[in-house]
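Here's input22.txt, which has compact mmCIF, C-alpha atoms:
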# COMPACT_ATOMS: atom_id res chain seq x y z
CA MET A 1 129.02 -36.66 -137.94
CA ALA A 2 132.59 -36.93 -138.95
CA ASP A 3 135.70 -38.60 -137.74
CA MET A 4 138.23 -37.69 -140.38
CA GLY A 5 141.09 -39.11 -138.29
CA ARG A 6 139.88 -42.58 -139.23
CA MET A 7 138.99 -41.72 -142.80
CA HIS A 8 140.99 -40.58 -145.83
CA ARG A 9 142.24 -37.08 -145.05
CA PRO A 10 142.04 -34.48 -147.83
CA SER A 11 144.70 -31.82 -148.19
CA PRO A 12 143.89 -28.35 -146.84
CA TRP A 13 142.93 -27.37 -150.41
CA ALA A 14 140.47 -29.57 -152.22
CA THR A 15 138.34 -29.15 -155.29
CA VAL A 16 134.71 -30.00 -154.76
CA LEU A 17 133.01 -31.57 -157.76
CA LEU A 18 129.29 -31.99 -158.13
CA LEU A 19 128.82 -34.69 -160.75
CA LEU A 20 125.45 -34.47 -162.41
CA THR A 21 122.92 -36.92 -163.73
CA ALA A 22 120.49 -34.16 -164.62
CA SER A 23 118.49 -33.66 -167.81
CA VAL A 24 115.96 -30.84 -167.27
CA ALA A 25 116.66 -27.09 -167.34
CA VAL A 26 115.36 -24.71 -164.67
CA SER A 27 115.71 -20.95 -164.59
CA LEU A 28 115.91 -18.84 -161.45
CA LEU A 29 115.88 -15.10 -160.92
CA THR A 30 117.41 -13.39 -157.93
CA ALA A 31 118.19 -9.97 -156.55
CA GLN A 32 121.71 -11.14 -155.57
CA PRO A 33 124.46 -10.45 -158.08
CA VAL A 34 125.51 -13.44 -160.13
CA SER A 35 129.03 -13.57 -161.51
CA PRO A 36 128.70 -13.09 -165.26
CA PRO A 37 129.38 -16.34 -167.11
CA VAL A 38 132.71 -16.44 -168.93
CA ARG A 39 133.42 -19.05 -171.59
CA ASP A 40 136.79 -20.83 -171.27
CA GLY A 41 136.88 -23.23 -174.22
CA GLU A 42 134.13 -25.78 -173.54
CA ARG A 43 133.90 -24.78 -169.88
CA ILE A 44 131.92 -21.89 -168.42
CA ARG A 45 133.05 -20.00 -165.32
CA PHE A 46 130.79 -18.24 -162.82
CA GLY A 47 133.24 -16.47 -160.49
CA LEU A 48 135.23 -19.31 -158.87
CA VAL A 49 132.81 -21.99 -160.10
CA ILE A 50 133.53 -23.91 -163.30
CA ALA A 51 130.83 -25.78 -165.22
CA ASP A 52 132.14 -28.39 -167.65
CA PRO A 53 129.30 -29.52 -169.96
CA THR A 54 131.44 -32.27 -171.50
CA LEU A 55 132.29 -33.91 -168.16
CA ARG A 56 128.97 -32.79 -166.61
CA THR A 57 130.78 -31.43 -163.56
CA VAL A 58 130.65 -28.28 -161.48
CA SER A 59 133.85 -27.57 -159.54
CA PHE A 60 135.15 -24.91 -157.17
CA PRO A 61 138.03 -24.58 -154.69
CA ALA A 62 137.49 -25.29 -151.00
CA ARG A 63 139.60 -25.58 -147.84
CA VAL A 64 139.29 -28.16 -145.08
CA LEU A 65 137.87 -26.71 -141.86
CA MET A 66 137.40 -29.77 -139.67
CA THR A 67 139.19 -33.09 -139.49
CA ASN A 68 137.02 -34.48 -136.70
CA GLY A 69 133.94 -33.52 -134.76
CA LEU A 70 130.24 -33.23 -135.39
CA VAL A 71 129.28 -31.68 -138.71
CA GLU A 72 126.01 -30.67 -140.31
CA TYR A 73 127.40 -29.18 -143.51
CA ALA A 74 129.83 -30.43 -146.11
CA VAL A 75 130.51 -27.02 -147.74
CA VAL A 76 129.76 -23.48 -146.57
CA THR A 77 131.02 -20.00 -147.39
CA ASP A 78 133.32 -18.18 -144.98
CA TYR A 79 130.27 -16.41 -143.52
CA GLY A 80 128.27 -19.66 -143.26
CA LYS A 81 128.16 -22.14 -140.38
CA THR A 82 131.92 -22.73 -140.36
CA HIS A 83 131.84 -24.20 -136.85
CA GLU A 84 130.04 -27.30 -138.21
CA SER A 85 131.31 -27.77 -141.76
CA LEU A 86 133.97 -29.98 -143.32
CA PHE A 87 134.88 -27.50 -146.10
CA VAL A 88 134.75 -23.73 -146.59
CA THR A 89 134.83 -22.01 -149.98
CA ASP A 90 135.05 -18.50 -151.37
CA ALA A 91 132.68 -19.54 -154.19
CA GLN A 92 129.27 -17.91 -154.01
CA PRO A 93 126.16 -20.08 -153.56
CA MET A 94 124.37 -18.39 -156.49
CA ASP A 95 127.34 -19.16 -158.76
CA VAL A 96 127.20 -22.84 -157.74
CA GLN A 97 123.46 -23.00 -158.40
CA SER A 98 123.82 -21.12 -161.71
CA ALA A 99 126.45 -23.64 -162.88
CA LEU A 100 124.26 -26.57 -161.86
CA LEU A 101 121.26 -25.11 -163.65
CA LEU A 102 123.38 -24.49 -166.75
CA LEU A 103 124.10 -28.23 -166.82
CA ARG A 104 120.34 -28.84 -166.61
CA ALA A 105 120.17 -29.90 -162.99
CA ARG A 106 116.65 -29.66 -161.62
CA PHE A 107 116.35 -28.76 -157.98
CA ALA A 108 113.96 -30.84 -155.92
CA GLY A 109 112.74 -27.80 -153.98
CA THR A 110 112.17 -29.75 -150.78
CA ASN A 111 113.66 -29.70 -147.33
CA ALA A 112 112.37 -33.14 -146.44
CA LEU A 113 114.89 -35.80 -145.56
CA ARG A 114 114.97 -38.54 -148.15
CA SER A 115 115.04 -42.16 -147.08
CA ALA A 116 117.21 -44.71 -148.87
CA THR A 117 114.08 -46.10 -150.54
CA THR A 118 112.70 -42.75 -151.74
CA PRO A 119 113.74 -42.09 -155.34
CA ILE A 120 115.48 -38.84 -156.20
CA PRO A 121 113.38 -36.79 -158.64
CA PRO A 122 114.65 -36.74 -162.24
CA GLY A 123 117.49 -34.25 -162.69
CA ALA A 124 118.04 -33.72 -158.94
CA ALA A 125 120.79 -36.33 -158.38
CA VAL A 126 124.31 -35.02 -157.74
CA THR A 127 127.41 -36.85 -156.58
CA PRO A 128 129.63 -34.50 -154.56
CA THR A 129 133.30 -35.46 -154.69
CA ALA A 130 136.42 -33.95 -153.11
CA SER A 131 139.68 -34.02 -155.08
CA TRP A 132 143.18 -33.09 -153.93
CA SER A 133 146.83 -33.85 -154.60
CA SER A 134 148.82 -36.10 -152.29
CA ASN A 135 152.45 -37.05 -153.08
CA ASP A 136 151.98 -35.81 -156.67
CA GLN A 137 148.95 -38.11 -157.10
CA ARG A 138 145.37 -36.96 -157.64
CA VAL A 139 142.98 -38.33 -155.00
CA SER A 140 139.19 -38.16 -155.40
CA LEU A 141 136.64 -39.42 -152.92
CA SER A 142 132.88 -39.26 -152.87
CA PHE A 143 131.55 -37.15 -150.01
CA ASN A 144 129.87 -40.31 -148.75
CA ARG A 145 133.33 -41.66 -147.86
CA LEU A 146 134.48 -38.46 -146.10
CA PHE A 147 132.02 -38.76 -143.24
CA ALA A 148 131.81 -41.42 -140.55
CA LEU A 149 128.67 -42.20 -138.60
CA THR A 150 129.31 -42.47 -134.86
CA THR A 151 127.49 -43.12 -131.63
CA GLY A 152 127.75 -40.78 -128.68
CA GLY A 153 128.97 -37.64 -130.44
CA ALA A 154 132.40 -36.70 -131.75
CA SER A 155 134.29 -39.10 -129.49
CA GLY A 156 131.90 -42.01 -130.07
CA THR A 157 132.46 -45.31 -131.81
CA VAL A 158 132.50 -45.24 -135.61
CA THR A 159 129.55 -47.26 -136.86
CA GLY A 160 129.89 -46.75 -140.61
CA GLU A 161 129.87 -44.35 -143.52
CA LEU A 162 127.09 -42.49 -145.22
CA ALA A 163 125.13 -44.64 -147.64
CA SER A 164 126.56 -44.73 -151.13
CA GLY A 165 124.69 -43.13 -153.98
CA PRO A 166 123.72 -39.68 -155.19
CA TRP A 167 122.79 -36.70 -153.07
CA LEU A 168 119.69 -34.55 -153.55
CA PHE A 169 120.06 -31.15 -155.24
CA ASN A 170 117.51 -29.05 -153.34
CA GLY A 171 118.58 -25.71 -154.73
CA SER A 172 117.75 -22.57 -152.85
CA MET A 173 114.79 -20.26 -152.95
CA VAL A 174 114.34 -16.61 -153.72
CA THR A 175 112.67 -14.67 -150.94
CA PRO A 176 111.71 -10.99 -150.93
CA GLU A 177 115.17 -10.35 -149.43
CA GLY A 178 116.97 -12.27 -152.22
CA PHE A 179 118.63 -15.66 -152.76
CA GLY A 180 118.32 -17.68 -149.52
CA ALA A 181 121.63 -19.57 -149.72
CA HIS A 182 123.44 -16.26 -150.19
CA PHE A 183 122.32 -15.13 -146.74
CA ASP A 184 122.95 -18.47 -144.99
CA GLY A 185 126.24 -19.25 -146.74
CA SER A 186 125.19 -22.90 -147.11
CA ILE A 187 126.20 -24.86 -150.23
CA VAL A 188 126.17 -28.60 -149.37
CA SER A 189 124.30 -29.78 -146.27
CA LEU A 190 123.99 -33.09 -144.45
CA ILE A 191 120.80 -31.92 -142.73
CA THR A 192 117.56 -30.35 -143.88
CA ASP A 193 118.39 -26.69 -144.41
Can I see the file as structure tokens?
Amino acid sequence: MADMGRMHRPSPWATVLLLLTASVAVSLLTAQPVSPPVRDGERIRFGLVIADPTLRTVSFPARVLMTNGLVEYAVVTDYGKTHESLFVTDAQPMDVQSALLLLRARFAGTNALRSATTPIPPGAAVTPTASWSSNDQRVSLSFNRLFALTTGGASGTVTGELASGPWLFNGSMVTPEGFGAHFDGSIVSLITD
């Protein structure tokens, strides 16, 4: 649930960073086309997604969709569930996952909700961050600070923020039809998806 009117408000264009604490490589095959990797100095680009091995970040452009209301997704594609997402991006889900895997992220492969006391599996911790410019200053906030918990829906009382700490990299699965996230348009979710 979000109430961005009471929180820091990102500009309409933000860069989403997924900061990694991963250490294990995973490979994944898919029938969906993957943007061919292009080396740009130390960084590697998959379409609109940039993997920076030195900084251990994956970044891509996104636009703000919602500034208040109930949300279930942090980032979706333009054909994803845009009616319930904070950000929308033109980056492809497979490019995001390819960049994460290149930096040795290891997807947890679960749709179970994790409690605050359940440890994140090794390599599956990511810290999503939104960055934008405001008055010629760079602003960066953890996704945890972009969402407010409320009671009684979108117009309810703000009761807090999401818990601090890393998020779980679940990855997506390959079905007989292809890469699942490609069909759903989901990239970062606040719910099991």
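For the set A:Leu101, A:Leu70, A:Ile191, A:Leu86, the residue with the smallest atom-to-atom gap to Thr151 of chain A is A:Leu70, counting all atoms listed in the file.
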Please report the interatomic distance between atom CA of Asp90 of chain A and atom CA of Ser172 of chain A in Å with one decimal.
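Separation between atom CA of Asp90 of chain A and atom CA of Ser172 of chain A: 17.8 Å.
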Two-atom distance - atom CA of His182 of chain A, atom CA of Ala91 of chain A (Å)
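So the answer is 10.6 Å.
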One decimal, Å: what's the distance from atom CA of Phe46 of chain A over to atom CA of Gly171 of chain A, could you say?
16.4 Å
If the box runs along x, y and z of the file and leaves 3 Å on each side of segment 136-154 of chain A, what are its centre and edge lengths in Å, one decimal, as lines of an AutoDock Vina configuration file?
center_x = 139.7
center_y = -39.5
center_z = -143.2
size_x = 30.5
size_y = 13.3
size_z = 35.0
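The residue that comes closest to Val126 of chain A, out of A:Phe179, A:Phe169, A:Phe87, A:Phe107 and on the basis of all atoms listed in the file, is A:Phe169.
For the choices A:Gly156, A:Leu162, A:Ser140, A:Trp167, the atom-to-atom distance to Pro119 of chain A is smallest for A:Trp167 when using all atoms listed in the file.
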Please, which residues are within 12 Å of (135.2, -21.1, -170.4) by the file's coordinates, counting all atoms listed in the file, and could they come as a ChimeraX atom specification?
/A:36-54,99
Compare A:Val76, A:Val188, A:Leu146, A:Val58 by their minimum atom-to-atom distance to Asp95 of chain A, counting only C-alpha atoms, and give me the closest one.
A:Val58
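With all atoms listed in the file as the basis for measurement, A:Asn170 is the residue among A:Thr157, A:Ser35, A:Ser186, A:Asn170 that approaches Ala124 of chain A most closely.
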Here is a test: counting all atoms listed in the file, which residue of A:Arg106, A:Thr150, A:Asp78, A:Met66 is nearest to Pro93 of chain A?
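Checking each candidate against Pro93 of chain A, we get A:Asp78 as the closest.
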Could you rebuild segment 154-165 of chain A with all heavy atoms and give me the result as a short mmCIF file (atom, residue, chain, number, x, y, z; two decimals), in the frame of the given file?
data_model
loop_
_atom_site.label_atom_id
_atom_site.label_comp_id
_atom_site.auth_asym_id
_atom_site.auth_seq_id
_atom_site.Cartn_x
_atom_site.Cartn_y
_atom_site.Cartn_z
N ALA A 154 131.13 -36.75 -131.04
CA ALA A 154 132.40 -36.70 -131.75
C ALA A 154 133.39 -37.74 -131.27
O ALA A 154 134.23 -38.20 -132.02
CB ALA A 154 133.01 -35.31 -131.64
N SER A 155 133.32 -38.12 -130.02
CA SER A 155 134.29 -39.10 -129.49
C SER A 155 133.70 -40.51 -129.46
O SER A 155 134.31 -41.42 -128.89
CB SER A 155 134.72 -38.70 -128.09
OG SER A 155 133.60 -38.68 -127.23
N GLY A 156 132.56 -40.71 -130.10
CA GLY A 156 131.90 -42.01 -130.07
C GLY A 156 132.53 -43.03 -130.99
O GLY A 156 133.50 -42.76 -131.71
N THR A 157 131.99 -44.20 -130.99
CA THR A 157 132.46 -45.31 -131.81
C THR A 157 131.98 -45.14 -133.24
O THR A 157 130.81 -44.84 -133.49
CB THR A 157 131.91 -46.64 -131.25
OG1 THR A 157 132.31 -46.76 -129.90
CG2 THR A 157 132.43 -47.82 -132.06
N VAL A 158 132.87 -45.32 -134.20
CA VAL A 158 132.50 -45.24 -135.61
C VAL A 158 131.64 -46.45 -135.95
O VAL A 158 132.03 -47.59 -135.70
CB VAL A 158 133.75 -45.18 -136.52
CG1 VAL A 158 133.35 -45.25 -137.98
CG2 VAL A 158 134.54 -43.91 -136.24
N THR A 159 130.47 -46.19 -136.52
CA THR A 159 129.55 -47.26 -136.86
C THR A 159 129.40 -47.46 -138.36
O THR A 159 128.74 -48.39 -138.79
CB THR A 159 128.15 -46.99 -136.26
OG1 THR A 159 127.66 -45.75 -136.77
CG2 THR A 159 128.22 -46.93 -134.74
N GLY A 160 129.98 -46.58 -139.15
CA GLY A 160 129.89 -46.75 -140.61
C GLY A 160 130.06 -45.44 -141.35
O GLY A 160 130.41 -44.42 -140.76
N GLU A 161 129.81 -45.50 -142.65
CA GLU A 161 129.87 -44.35 -143.52
C GLU A 161 128.47 -43.98 -143.97
O GLU A 161 127.53 -44.74 -143.76
CB GLU A 161 130.72 -44.66 -144.76
CG GLU A 161 132.16 -44.98 -144.48
CD GLU A 161 132.93 -45.37 -145.74
OE1 GLU A 161 132.30 -45.68 -146.77
OE2 GLU A 161 134.17 -45.37 -145.68
N LEU A 162 128.36 -42.84 -144.62
CA LEU A 162 127.09 -42.49 -145.22
C LEU A 162 126.79 -43.49 -146.32
O LEU A 162 127.70 -44.05 -146.94
CB LEU A 162 127.15 -41.08 -145.82
CG LEU A 162 127.37 -39.93 -144.85
CD1 LEU A 162 127.43 -38.61 -145.61
CD2 LEU A 162 126.27 -39.88 -143.81
N ALA A 163 125.53 -43.72 -146.57
CA ALA A 163 125.13 -44.64 -147.64
C ALA A 163 125.68 -44.16 -148.97
O ALA A 163 125.77 -42.97 -149.22
CB ALA A 163 123.61 -44.74 -147.70
N SER A 164 126.06 -45.10 -149.81
CA SER A 164 126.56 -44.73 -151.13
C SER A 164 125.40 -44.27 -151.99
O SER A 164 124.24 -44.52 -151.68
CB SER A 164 127.29 -45.90 -151.78
OG SER A 164 126.38 -46.96 -151.99
N GLY A 165 125.72 -43.59 -153.07
CA GLY A 165 124.69 -43.13 -153.98
C GLY A 165 124.64 -41.63 -154.08
O GLY A 165 125.36 -40.92 -153.39
#
